[in-house]
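Novice: Submitted below is the structure of interest, expressed as structure tokens.
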Amino acid sequence: FAHRPLVSKEIDILLFNIGGQLISKKYITYINEDKKETRITSKKIFMKYLDIFLNKFDSIEYIVLTTRAPVYIEENDFGMNGIGLNKHKLVDIHSGEIIKQSKNLFIEENLDFIKYFQDLGKKVIFVIDHPELDFDPNLCRERNNIFTFIKTECKVSREVYDQRNKQYKDAVAEIKKRAPNILVYDKTNLFCDDKFCSPKKGTEIYYYDDNHLNILGSEYVFRDFKKWFDQINSKN
């Protein structure tokens, strides 16, 4: 973040990113065993500095939570490397115990984090994640030479998306029910219609890989998020 907020002790926006993690204060997820200890250390550091910043800077008014969620409920990956090939393991950062992932655990861990923020007087926005893909979106670009493979069907069935995300969407609804003061922003319709979900609009590709947006995609979502956020604020 910029120098000015540090000097003035006023932060307009603060980004904390631990990368590929369940929203939880005490668990981390990993695929490869050699990454486990690094992720445990990172989560402990994350929680230490998150607490410092939230208690030091009163100017932080909103907390925006977002995560790639279905994989933290069902454990199985859904990506261009193959459905179900990557098993995400969940481990307690204090005991080292492997925990079974589930919808209920996802709900409780999110609610615990939300309570932590709200007890500090922060407002919470939960952002529903964009659709995962089962292919490389870079294959959807226009061909620039005869050796480039182009994927003609650059989309995922809406039925497949809805089935994959049912437990996740149900979990978010339960979180909202039990924490009614949070705001929920859903970007699904930015990428999906009634039949398909796609990483592109016209010739523009909005995804970097099967589950991350590129810069264009981030700007595309932020414009809509800002419009949504301004409308929310105008009502209050």
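Numbering starts fresh at 1 for the residues of each chain in the structure tokens, the chains themselves are lettered A, B, ... in the order given, and ligands are numbered from 1 as they appear.
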Using only C-alpha atoms, tabulate the residues of stretch 79-135 of chain A lying at most 8 Å from any atom of stretch 156-170 of chain A, each with its closest atom pair and that distance in Å to one decimal, by chain and increasing residue number, as a Markdown table.

Specialist:
| residue | atom | partner | partner_atom | distance |
| --- | --- | --- | --- | --- |
| A:Lys103 | CA | A:Gln167 | CA | 6.6 |
| A:Pro131 | CA | A:Tyr161 | CA | 7.0 |
| A:Glu132 | CA | A:Tyr161 | CA | 7.9 |
| A:Leu133 | CA | A:Val156 | CA | 6.6 |
| A:Asp134 | CA | A:Val156 | CA | 7.4 |

Novice: Any chance you could export the current selection's N, CA and C atoms as a PDB file, in the first residue's frame?

Specialist:
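The result, stored in selection-v2.pdb:
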ATOM      1  N   LYS A 103     -19.062 -28.455   4.231  1.00  0.00           N
ATOM      2  CA  LYS A 103     -19.829 -27.214   4.145  1.00  0.00           C
ATOM      3  C   LYS A 103     -19.984 -26.588   5.528  1.00  0.00           C
ATOM      4  N   PRO A 131     -16.742 -17.886 -11.602  1.00  0.00           N
ATOM      5  CA  PRO A 131     -16.769 -19.304 -11.972  1.00  0.00           C
ATOM      6  C   PRO A 131     -15.378 -19.873 -12.243  1.00  0.00           C
ATOM      7  N   GLU A 132     -15.164 -21.118 -11.806  1.00  0.00           N
ATOM      8  CA  GLU A 132     -13.958 -21.847 -12.176  1.00  0.00           C
ATOM      9  C   GLU A 132     -14.124 -22.375 -13.608  1.00  0.00           C
ATOM     10  N   LEU A 133     -13.008 -22.591 -14.270  1.00  0.00           N
ATOM     11  CA  LEU A 133     -13.022 -23.158 -15.620  1.00  0.00           C
ATOM     12  C   LEU A 133     -12.386 -24.539 -15.604  1.00  0.00           C
ATOM     13  N   ASP A 134     -12.722 -25.358 -16.585  1.00  0.00           N
ATOM     14  CA  ASP A 134     -12.060 -26.657 -16.716  1.00  0.00           C
ATOM     15  C   ASP A 134     -11.168 -26.690 -17.960  1.00  0.00           C
TER      16      ASP A 134
END

Novice: Could you pull out the strand (DSSP E) residues of chain A, going by DSSP on the backbone, and write them as a ChimeraX atom specification?

Specialist: /A:27-30,62-66,89-92,98-99,123-128,156-157,183-186,196-197,200-201,204-205

Novice: One decimal, Å: what's the distance from atom CA of A:Tyr27 over to atom CA of A:Lys48, could you say?

Specialist: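 Calculated distance between atom CA of A:Tyr27 and atom CA of A:Lys48 is 14.4 Å.
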
Novice: At a cut-off of 10 Å, can you tabulate as CSV every residue of stretch 32-103 of chain A near stretch 174-185 of chain A together with its closest atom pair and the distance in Å to one decimal, using only C-alpha atoms and ordering rows by chain then number?

Specialist:
residue,atom,partner,partner_atom,distance
A:Ile63,CA,A:Ile182,CA,9.8
A:Val64,CA,A:Leu183,CA,9.3
A:Leu65,CA,A:Val184,CA,9.6
A:Thr66,CA,A:Tyr185,CA,9.8

Novice: For the selection just defined, write its residues with N, CA, C and O atoms to a file, as a JSON list (two decimals), in the first residue's frame.

Specialist:
[["chain", "number", "residue", "atom", "x", "y", "z"],
["A", 63, "ILE", "N", -14.35, -4.60, 5.50],
["A", 63, "ILE", "CA", -13.53, -5.78, 5.23],
["A", 63, "ILE", "C", -14.21, -6.56, 4.10],
["A", 63, "ILE", "O", -15.39, -6.90, 4.19],
["A", 64, "VAL", "N", -13.47, -6.81, 3.04],
["A", 64, "VAL", "CA", -14.00, -7.57, 1.90],
["A", 64, "VAL", "C", -13.38, -8.96, 1.92],
["A", 64, "VAL", "O", -12.16, -9.11, 1.83],
["A", 65, "LEU", "N", -14.22, -9.98, 2.06],
["A", 65, "LEU", "CA", -13.76, -11.37, 2.09],
["A", 65, "LEU", "C", -14.06, -12.04, 0.76],
["A", 65, "LEU", "O", -15.18, -11.96, 0.25],
["A", 66, "THR", "N", -13.06, -12.71, 0.21],
["A", 66, "THR", "CA", -13.31, -13.48, -1.01],
["A", 66, "THR", "C", -12.36, -14.67, -1.04],
["A", 66, "THR", "O", -11.23, -14.59, -0.56]]

Novice: Here is a test: counting only C-alpha atoms, which residue of A:Trp228, A:Phe53, A:Tyr206, A:Phe106 is nearest to A:Arg141?

Specialist: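 Looking only at the distances to A:Arg141, the closest residue turns out to be A:Tyr206.
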
Novice: To one decimal in Å, tell me the separation between atom CA of A:Ile40 and atom CA of A:Ile93.

Specialist: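 Answer for the atom CA of A:Ile40 to atom CA of A:Ile93 separation: 5.5 Å.
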
Novice: Do you know which residues are at most 9 Å from A:Glu109 counting only C-alpha atoms, after dropping those on the same chain fewer than 4 positions away, and could you put them as a VMD selection string?

Specialist: chain A and resid 22 to 27 104 to 105 113 to 114

Novice: Could you state the separation of atom CA of A:Arg39 and atom CA of A:Glu108 in Å, given to one decimal place?

Specialist: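 Computed distance, atom CA of A:Arg39 to atom CA of A:Glu108, equals 21.1 Å.
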
Novice: Using only C-alpha atoms, which protein or nucleic acid residues come within 8 Å of A:Thr29? Drop anything in the same chain fewer than 4 positions from it, and give the result as a list in words.

Specialist: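 My list of contacting residues is Gly20, Gln21, Leu22, Lys36, Arg39, His88, Lys89, Leu90 and Val91 of chain A.
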
Novice: Go ahead and write the residues just picked, N, CA, C and O atoms, as a PDB file, in the first residue's frame.

Specialist:
ATOM      1  N   GLY A  20      -4.703 -18.842  -1.918  1.00  0.00           N
ATOM      2  CA  GLY A  20      -5.233 -20.200  -1.933  1.00  0.00           C
ATOM      3  C   GLY A  20      -5.589 -20.758  -0.574  1.00  0.00           C
ATOM      4  O   GLY A  20      -5.168 -21.867  -0.234  1.00  0.00           O
ATOM      5  N   GLN A  21      -6.352 -20.024   0.210  1.00  0.00           N
ATOM      6  CA  GLN A  21      -6.648 -20.451   1.569  1.00  0.00           C
ATOM      7  C   GLN A  21      -8.128 -20.341   1.890  1.00  0.00           C
ATOM      8  O   GLN A  21      -8.816 -19.437   1.426  1.00  0.00           O
ATOM      9  N   LEU A  22      -8.593 -21.269   2.721  1.00  0.00           N
ATOM     10  CA  LEU A  22      -9.910 -21.150   3.330  1.00  0.00           C
ATOM     11  C   LEU A  22      -9.911 -19.914   4.231  1.00  0.00           C
ATOM     12  O   LEU A  22      -8.909 -19.594   4.857  1.00  0.00           O
ATOM     13  N   LYS A  36       3.487 -27.348   3.078  1.00  0.00           N
ATOM     14  CA  LYS A  36       2.684 -27.339   4.308  1.00  0.00           C
ATOM     15  C   LYS A  36       3.258 -26.403   5.366  1.00  0.00           C
ATOM     16  O   LYS A  36       2.554 -25.526   5.875  1.00  0.00           O
ATOM     17  N   ARG A  39       3.097 -22.699   4.548  1.00  0.00           N
ATOM     18  CA  ARG A  39       1.740 -22.148   4.648  1.00  0.00           C
ATOM     19  C   ARG A  39       1.316 -21.959   6.101  1.00  0.00           C
ATOM     20  O   ARG A  39       0.622 -21.000   6.433  1.00  0.00           O
ATOM     21  N   HIS A  88      -7.069 -30.990  -2.020  1.00  0.00           N
ATOM     22  CA  HIS A  88      -6.676 -29.959  -1.082  1.00  0.00           C
ATOM     23  C   HIS A  88      -6.865 -30.472   0.347  1.00  0.00           C
ATOM     24  O   HIS A  88      -7.962 -30.826   0.742  1.00  0.00           O
ATOM     25  N   LYS A  89      -5.777 -30.481   1.115  1.00  0.00           N
ATOM     26  CA  LYS A  89      -5.818 -30.948   2.496  1.00  0.00           C
ATOM     27  C   LYS A  89      -5.955 -29.749   3.436  1.00  0.00           C
ATOM     28  O   LYS A  89      -5.392 -28.692   3.198  1.00  0.00           O
ATOM     29  N   LEU A  90      -6.704 -29.958   4.506  1.00  0.00           N
ATOM     30  CA  LEU A  90      -6.933 -28.916   5.506  1.00  0.00           C
ATOM     31  C   LEU A  90      -6.244 -29.329   6.795  1.00  0.00           C
ATOM     32  O   LEU A  90      -6.421 -30.453   7.267  1.00  0.00           O
ATOM     33  N   VAL A  91      -5.426 -28.426   7.383  1.00  0.00           N
ATOM     34  CA  VAL A  91      -4.674 -28.785   8.583  1.00  0.00           C
ATOM     35  C   VAL A  91      -4.786 -27.673   9.619  1.00  0.00           C
ATOM     36  O   VAL A  91      -4.813 -26.485   9.289  1.00  0.00           O
TER      37      VAL A  91
END

Novice: Which of these, A:Asp209, A:Glu97, A:Asp112, A:Glu153, has the shortest distance to A:Asn138 once you count only C-alpha atoms?

Specialist: A:Asp209
